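Text of the file query.pdb, holding PDB, C-alpha atoms:
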ATOM      1  CA  MET A  15     -28.760 -19.246  17.519
ATOM      2  CA  ILE A  16     -27.641 -15.660  17.341
ATOM      3  CA  GLY A  17     -28.555 -14.300  13.944
ATOM      4  CA  ASP A  18     -28.285 -16.795  11.110
ATOM      5  CA  ASP A  19     -24.824 -18.135  11.644
ATOM      6  CA  VAL A  20     -23.752 -18.056  15.298
ATOM      7  CA  ARG A  21     -24.710 -21.097  17.347
ATOM      8  CA  ILE A  22     -24.386 -21.556  21.111
ATOM      9  CA  VAL A  23     -24.112 -25.209  22.090
ATOM     10  CA  VAL A  24     -23.953 -26.896  25.490
ATOM     11  CA  VAL A  25     -20.797 -28.951  25.293
ATOM     12  CA  ALA A  26     -21.012 -30.592  28.720
ATOM     13  CA  VAL A  27     -22.979 -30.481  31.960
ATOM     14  CA  ASP A  28     -21.169 -31.704  35.041
ATOM     15  CA  ARG A  29     -22.875 -31.086  38.405
ATOM     16  CA  ASP A  30     -22.509 -27.329  38.860
ATOM     17  CA  THR A  31     -20.545 -26.624  35.673
ATOM     18  CA  VAL A  32     -21.909 -26.029  32.210
ATOM     19  CA  LYS A  33     -19.487 -25.809  29.291
ATOM     20  CA  LEU A  34     -20.728 -23.746  26.405
ATOM     21  CA  GLY A  35     -19.331 -23.748  22.919
ATOM     22  CA  ILE A  36     -19.737 -21.012  20.334
ATOM     23  CA  GLU A  37     -19.796 -21.940  16.681
ATOM     24  CA  ALA A  38     -19.342 -18.948  14.420
ATOM     25  CA  PRO A  39     -18.046 -18.327  10.907
ATOM     26  CA  ARG A  40     -14.297 -17.773  10.662
ATOM     27  CA  THR A  41     -14.981 -14.172   9.721
ATOM     28  CA  ILE A  42     -16.391 -13.370  13.175
ATOM     29  CA  PRO A  43     -13.947 -12.890  16.046
ATOM     30  CA  VAL A  44     -14.845 -14.888  19.165
ATOM     31  CA  HIS A  45     -12.805 -14.212  22.288
ATOM     32  CA  ARG A  46     -13.173 -14.626  26.015
ATOM     33  CA  SER A  47     -14.172 -11.330  27.552
ATOM     34  CA  GLU A  48     -11.231 -11.514  29.998
ATOM     35  CA  VAL A  49      -8.838 -11.238  27.070
ATOM     36  CA  TYR A  50     -10.729  -8.306  25.577
ATOM     37  CA  ASP A  51     -10.902  -6.588  28.978
ATOM     38  CA  GLU A  52      -7.147  -6.949  29.368
ATOM     39  CA  ILE A  53      -6.554  -5.370  25.958
ATOM     40  CA  GLN A  54      -8.893  -2.519  26.916
ATOM     41  CA  ARG A  55      -6.985  -1.943  30.150
ATOM     42  CA  THR A  56      -3.661  -2.008  28.324
ATOM     43  CA  ASN A  57      -4.817   0.534  25.745
ATOM     44  CA  ARG A  58      -6.126   2.847  28.447
ATOM     45  CA  ALA A  59      -2.910   2.515  30.423
ATOM     46  CA  ALA A  60      -0.886   3.309  27.306
ATOM     47  CA  ALA A  61      -2.980   6.378  26.555
ATOM     48  CA  GLY A  62      -2.526   7.577  30.117
ATOM     49  CA  GLU A  63       1.220   7.618  29.960
ATOM     50  CA  PRO A  64       3.039  10.666  31.248
ATOM     51  CA  LEU A  65       3.479  13.642  28.987
ATOM     52  CA  THR A  66       6.113  13.299  26.373
ATOM     53  CA  PRO A  67       8.825  15.937  26.500
ATOM     54  CA  SER A  68       7.935  18.402  23.799
ATOM     55  CA  ALA A  69       9.924  17.838  20.667
ATOM     56  CA  PRO A  70      11.482  20.953  19.116
ATOM     57  CA  GLU A  71      10.155  20.159  15.652
ATOM     58  CA  GLY A  72       6.662  19.224  16.745
ATOM     59  CA  PRO A  73       4.705  16.165  15.672
ATOM     60  CA  LYS A  74       4.858  14.967  12.064
ATOM     61  CA  VAL A  75       2.677  12.450  10.296
ATOM     62  CA  ALA A  76       4.493   9.121  10.416
ATOM     63  CA  ASP A  77       5.435   7.161   7.315
ATOM     64  CA  LEU A  78       4.207   3.688   8.193
ATOM     65  CA  GLY A  79       5.698   2.071   5.125
ATOM     66  CA  GLY A  80       4.433  -1.408   4.458
ATOM     67  CA  LYS A  81       5.851  -3.728   7.054
ATOM     68  CA  GLY A  82       3.194  -6.388   6.872
ATOM     69  CA  ARG A  83       3.454  -9.713   8.593
ATOM     70  CA  ARG A  84       7.134 -10.132   8.148
ATOM     71  CA  PRO A  85       9.960  -8.659  10.137
ATOM     72  CA  PRO A  86      12.210  -6.248   8.285
ATOM     73  CA  PRO A  87      15.093  -7.933   6.457
ATOM     74  CA  LYS A  88      18.197  -8.310   8.537
ATOM     75  CA  PRO A  89      21.311  -6.477   7.365
TER      76      PRO A  89
ATOM     77  CA  MET B  25     -13.450  30.419 -10.783
ATOM     78  CA  THR B  26     -10.288  28.462 -10.083
ATOM     79  CA  GLU B  27     -10.470  24.735  -9.697
ATOM     80  CA  THR B  28     -10.174  23.803  -6.059
ATOM     81  CA  THR B  29     -11.920  20.451  -6.096
ATOM     82  CA  VAL B  30      -8.789  18.326  -5.830
ATOM     83  CA  GLU B  31      -7.345  20.362  -2.997
ATOM     84  CA  ALA B  32     -10.606  20.338  -1.139
ATOM     85  CA  ALA B  33     -10.636  16.547  -1.234
ATOM     86  CA  ASP B  34      -7.198  16.377   0.359
ATOM     87  CA  ARG B  35      -6.958  19.572   2.272
ATOM     88  CA  GLU B  36      -4.403  20.320   4.929
ATOM     89  CA  ILE B  37      -5.730  20.524   8.438
ATOM     90  CA  THR B  38      -3.942  22.051  11.395
ATOM     91  CA  VAL B  39      -4.907  21.076  14.922
ATOM     92  CA  ALA B  40      -3.595  22.017  18.336
ATOM     93  CA  LEU B  41      -2.946  18.750  20.143
ATOM     94  CA  PRO B  42      -3.033  18.937  23.938
ATOM     95  CA  ARG B  43      -0.102  16.544  24.264
ATOM     96  CA  PHE B  44       2.085  17.383  21.306
ATOM     97  CA  GLY B  45       1.320  20.894  20.170
ATOM     98  CA  THR B  46       0.435  22.098  16.704
ATOM     99  CA  CYS B  47       0.225  19.491  13.991
ATOM    100  CA  THR B  48      -0.635  19.666  10.297
ATOM    101  CA  TYR B  49      -1.916  16.662   8.393
ATOM    102  CA  ARG B  50      -3.769  15.970   5.170
ATOM    103  CA  GLU B  51      -7.216  14.442   4.984
ATOM    104  CA  SER B  52      -5.748  11.540   2.963
ATOM    105  CA  GLU B  53      -3.462  10.659   5.898
ATOM    106  CA  VAL B  54      -6.316   9.989   8.308
ATOM    107  CA  LEU B  55      -6.635   6.356   9.395
ATOM    108  CA  THR B  56     -10.108   4.999   9.997
ATOM    109  CA  PHE B  57     -10.787   2.386  12.682
ATOM    110  CA  PRO B  58     -14.370   1.299  11.892
ATOM    111  CA  TRP B  59     -14.474  -0.908  15.006
ATOM    112  CA  GLY B  60     -12.802   1.651  17.257
ATOM    113  CA  LEU B  61     -10.069   0.397  19.562
ATOM    114  CA  PRO B  62     -10.658  -1.665  22.714
ATOM    115  CA  GLY B  63     -11.077   0.865  25.515
ATOM    116  CA  PHE B  64     -11.797   3.610  22.970
ATOM    117  CA  ALA B  65     -14.720   2.114  21.122
ATOM    118  CA  THR B  66     -16.104   5.430  19.902
ATOM    119  CA  GLN B  67     -12.844   6.720  18.423
ATOM    120  CA  ARG B  68     -12.845   6.173  14.690
ATOM    121  CA  ARG B  69     -10.370   8.624  13.171
ATOM    122  CA  PHE B  70      -6.666   8.642  13.991
ATOM    123  CA  ILE B  71      -3.432   9.957  12.581
ATOM    124  CA  ALA B  72      -0.059   8.283  13.034
ATOM    125  CA  LEU B  73       2.531  10.718  14.388
ATOM    126  CA  ASN B  74       6.269  10.771  14.921
ATOM    127  CA  LEU B  75       7.787  13.089  17.470
ATOM    128  CA  GLY B  76      11.193  14.633  16.796
ATOM    129  CA  GLY B  77      13.946  12.458  18.227
ATOM    130  CA  GLN B  78      11.622   9.505  18.818
ATOM    131  CA  GLU B  79      11.189   8.221  15.282
ATOM    132  CA  LYS B  80      11.001   4.591  16.358
ATOM    133  CA  PHE B  81       7.704   5.209  18.062
ATOM    134  CA  VAL B  82       4.418   5.961  16.379
ATOM    135  CA  TRP B  83       1.695   7.741  18.311
ATOM    136  CA  LEU B  84      -1.835   6.946  17.251
ATOM    137  CA  GLN B  85      -3.507  10.270  17.878
ATOM    138  CA  SER B  86      -7.298  10.259  17.948
ATOM    139  CA  LEU B  87      -8.957  13.017  15.942
ATOM    140  CA  ASP B  88     -12.323  12.380  17.592
ATOM    141  CA  ASP B  89     -10.938  13.076  21.073
ATOM    142  CA  LEU B  90      -7.700  15.016  20.897
ATOM    143  CA  SER B  91      -6.790  14.019  24.457
ATOM    144  CA  VAL B  92      -6.409  10.379  23.372
ATOM    145  CA  ALA B  93      -3.057   9.233  21.962
ATOM    146  CA  LEU B  94      -1.557   5.762  22.158
ATOM    147  CA  PRO B  95       2.159   5.076  21.813
ATOM    148  CA  THR B  96       2.954   2.161  19.518
ATOM    149  CA  ALA B  97       5.961   0.753  17.730
ATOM    150  CA  ASP B  98       6.861  -1.677  14.991
ATOM    151  CA  PRO B  99       7.181  -4.915  17.006
ATOM    152  CA  TRP B 100      10.022  -6.249  14.857
ATOM    153  CA  GLN B 101      12.315  -3.453  15.986
ATOM    154  CA  ILE B 102      12.370  -5.148  19.362
ATOM    155  CA  PHE B 103      11.162  -8.711  18.870
ATOM    156  CA  GLU B 104      12.834  -9.905  15.674
ATOM    157  CA  ASP B 105      11.215 -13.336  15.751
ATOM    158  CA  TYR B 106       7.674 -12.083  16.352
ATOM    159  CA  ALA B 107       5.465 -14.161  14.049
ATOM    160  CA  PRO B 108       1.816 -13.164  14.395
ATOM    161  CA  HIS B 109      -0.605 -15.389  12.533
ATOM    162  CA  LEU B 110      -3.559 -13.184  11.690
ATOM    163  CA  PRO B 111      -6.926 -14.930  12.020
ATOM    164  CA  PRO B 112      -9.214 -15.044   8.973
ATOM    165  CA  TYR B 113     -11.498 -12.278  10.236
ATOM    166  CA  ALA B 114      -8.535  -9.888  10.174
ATOM    167  CA  SER B 115      -7.692 -10.541   6.557
ATOM    168  CA  SER B 116     -11.301 -10.377   5.423
ATOM    169  CA  SER B 117     -12.356  -7.303   7.402
ATOM    170  CA  LEU B 118      -9.245  -5.335   6.457
ATOM    171  CA  ASP B 119      -8.981  -6.680   2.898
ATOM    172  CA  LEU B 120      -5.366  -7.721   3.439
ATOM    173  CA  LYS B 121      -3.728  -9.184   0.382
ATOM    174  CA  ASN B 122      -0.167  -8.026  -0.139
ATOM    175  CA  PRO B 123       2.258  -7.755   2.791
ATOM    176  CA  GLU B 124       3.424  -4.376   1.474
ATOM    177  CA  ASP B 125      -0.105  -3.027   1.796
ATOM    178  CA  PHE B 126      -0.200  -3.070   5.543
ATOM    179  CA  ALA B 127       1.646  -2.036   8.658
ATOM    180  CA  THR B 128       1.707  -3.673  12.066
ATOM    181  CA  LEU B 129       1.965  -1.609  15.237
ATOM    182  CA  CYS B 130       1.920  -2.803  18.849
ATOM    183  CA  VAL B 131       0.826  -0.693  21.814
ATOM    184  CA  VAL B 132       3.579   0.225  24.277
ATOM    185  CA  VAL B 133       2.873   0.713  27.973
ATOM    186  CA  VAL B 134       5.275   2.433  30.342
ATOM    187  CA  THR B 135       4.689   1.481  33.963
ATOM    188  CA  PRO B 136       4.467   4.312  36.497
ATOM    189  CA  GLY B 137       7.916   5.606  37.279
ATOM    190  CA  ALA B 138       9.148   4.225  33.951
ATOM    191  CA  ALA B 139      10.444   1.146  35.736
ATOM    192  CA  GLU B 140       9.334  -1.100  32.934
ATOM    193  CA  MET B 141       8.062  -0.930  29.376
ATOM    194  CA  THR B 142       5.838  -3.558  27.869
ATOM    195  CA  MET B 143       4.475  -4.237  24.408
ATOM    196  CA  ASN B 144       1.133  -5.789  23.505
ATOM    197  CA  LEU B 145       2.129  -8.634  21.210
ATOM    198  CA  LEU B 146      -1.193 -10.438  21.708
ATOM    199  CA  ALA B 147      -3.239  -7.771  19.958
ATOM    200  CA  PRO B 148      -1.304  -5.993  17.195
ATOM    201  CA  ILE B 149      -2.894  -3.031  15.442
ATOM    202  CA  VAL B 150      -2.996  -3.801  11.745
ATOM    203  CA  VAL B 151      -3.451  -0.981   9.232
ATOM    204  CA  ASN B 152      -4.251  -1.418   5.567
ATOM    205  CA  LEU B 153      -2.231   1.405   4.020
ATOM    206  CA  ARG B 154      -4.141   1.273   0.766
ATOM    207  CA  THR B 155      -7.575   1.758   2.300
ATOM    208  CA  LYS B 156      -6.238   3.604   5.416
ATOM    209  CA  THR B 157      -8.311   1.275   7.556
ATOM    210  CA  GLY B 158      -7.108  -0.237  10.819
ATOM    211  CA  ARG B 159      -8.187  -2.697  13.465
ATOM    212  CA  GLN B 160      -6.687  -4.115  16.620
ATOM    213  CA  ILE B 161      -6.565  -7.868  16.117
ATOM    214  CA  THR B 162      -6.493 -10.398  18.947
ATOM    215  CA  LEU B 163      -4.284 -13.287  17.904
ATOM    216  CA  GLU B 164      -5.654 -16.764  18.488
ATOM    217  CA  THR B 165      -2.337 -18.572  18.371
ATOM    218  CA  GLY B 166       1.279 -17.991  19.304
ATOM    219  CA  GLY B 167       0.859 -17.594  23.052
ATOM    220  CA  TYR B 168       1.780 -13.899  23.012
ATOM    221  CA  SER B 169       1.241 -11.669  26.037
ATOM    222  CA  VAL B 170      -0.640  -8.394  26.337
ATOM    223  CA  ARG B 171       2.264  -7.046  28.369
ATOM    224  CA  THR B 172       5.482  -8.484  27.024
ATOM    225  CA  PRO B 173       8.421  -6.834  28.807
ATOM    226  CA  ILE B 174      10.669  -4.823  26.500
ATOM    227  CA  PRO B 175      14.370  -5.429  27.170
ATOM    228  CA  ARG B 176      16.095  -2.452  28.725
ATOM    229  CA  LYS B 177      18.347  -1.712  25.757
ATOM    230  CA  ALA B 178      15.357  -0.689  23.641
ATOM    231  CA  PRO B 179      14.770   3.054  23.393
ATOM    232  CA  ALA B 180      12.046   4.542  25.551
ATOM    233  CA  PRO B 181       9.226   6.453  23.870
ATOM    234  CA  ALA B 182       8.237   8.926  26.516
ATOM    235  CA  ALA B 183       9.804   8.223  29.823
ATOM    236  CA  GLY B 184      13.410   7.850  28.796
ATOM    237  CA  ALA B 185      14.370  11.252  30.155
TER     238      ALA B 185
END

Using the file provided, produce a representation of the structure as structure tokens.
Amino acid sequence: MIGDDVRIVVVAVDRDTVKLGIEAPRTIPVHRSEVYDEIQRTNRAAAGEPLTPSAPEGPKVADLGGKGRRPPPKP
Amino acid sequence: MTETTVEAADREITVALPRFGTCTYRESEVLTFPWGLPGFATQRRFIALNLGGQEKFVWLQSLDDLSVALPTADPWQIFEDYAPHLPPYASSSLDLKNPEDFATLCVVVVTPGAAEMTMNLLAPIVVNLRTKTGRQITLETGGYSVRTPIPRKAPAPAAGA
């Protein structure tokens, strides 16, 4: 157990392979570290992009609106 | 004494950004990322910026480290049928109830030489506009890629020149 509600279980043992399962509440994100690492790399690559040509008006705070889960309505 | 309490709570702040120049924002426009962002775990405070002539792209500019800024865009501008299914931890941690309360942004990567642009559809950044709280959410379904190629016709954020 990790804390009160995360459980590590051995799902299978097969010669030199052990399969582990993680049981956690739906409110806790559980992901393979490879996926997380890839997202980290992507964010760092994005932040390292070449300098943007300076805009004449300068940066303005963006209006994010409320786009939610749905795509904007089609015209 | 004049009353300045209200203004003090939402004062205007001007910063010199290394990438974009001088910028003025209000305290109420700051977005908080309590869990940081993958790769930038210690960055908590961001503002969303538009640059003149590039309104389709939103830069998430860190206020904790002014050298950090991530280009993002509304995924539906490019991928009309994008249908992210947010896992339960996203809704509960961000207190998402009404679709109009939140915005979805996806990180854009430009490959060196601007040969290709990709968008991270696997891990959208979801912002609750009511609480000004955001989190990058890894989707568990849908089979989306971290680096989904953006078709050429889409406008380039930085490297279009």

Could you tell me how far CA of Ile37 (chain B) lies from CA of Ile71 (chain B), in Å and to one decimal?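 Spanning CA of Ile37 (chain B) to CA of Ile71 (chain B) is a straight-line distance of 11.6 Å.
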
For chain A, work out the contacting residues on chain B at 6 Å, counting only C-alpha atoms, and write them as a PyMOL selection string. chain B and resi 47+62-63+72-76+93-94+100+112-113+123-127+133+182

Figure out the distance between CA of Val151 (chain B) and CA of Asp105 (chain B), please, to one decimal in Å.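 That distance, rounded to one decimal, is 20.3 Å.
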
For Pro99 (chain B), please output as a PyMOL selection string all residues within 8 Å (counting only C-alpha atoms; exclusion window: fewer than 5 positions along the same chain). chain B and resi 104+106+128-130+143+145

Matched chain/residue IDs from the PyMOL selection byres ((chain A and resi 37) around 6), as an MDAnalysis selection string: chainID A and resid 20:21 36 38

Which value, in Å to one decimal, gives the distance between CA of Leu84 (chain B) and CA of Thr96 (chain B)?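 Here the two named atoms are 7.1 Å from each other.
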
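Within the file as shown, the PyMOL selection byres ((chain B and resi 89) around 12) identifies Ala61 of chain A; Val39, Ala40, Leu41, Pro42, Arg43, Phe64, Ala65, Thr66, Gln67, Arg68, Arg69, Phe70, Ile71, Leu84, Gln85, Ser86, Leu87, Asp88, Leu90, Ser91, Val92, Ala93 and Leu94 of chain B.
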
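Take the PyMOL selection byres ((chain B and resi 167-172) around 7) and apply it to this file: it picks Ile53 of chain A; Thr142, Met143, Asn144, Leu145, Leu146, Ala147, Thr165, Gly166, Pro173 and Ile174 of chain B.
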
Neighbours of Asp119 (chain B) within 10 Å (all atoms listed in the file; same-chain residues fewer than 3 positions away dropped), as JSON, numbers by chain? {"B": [113, 114, 115, 116, 122, 125, 126, 152, 154, 155, 157]}
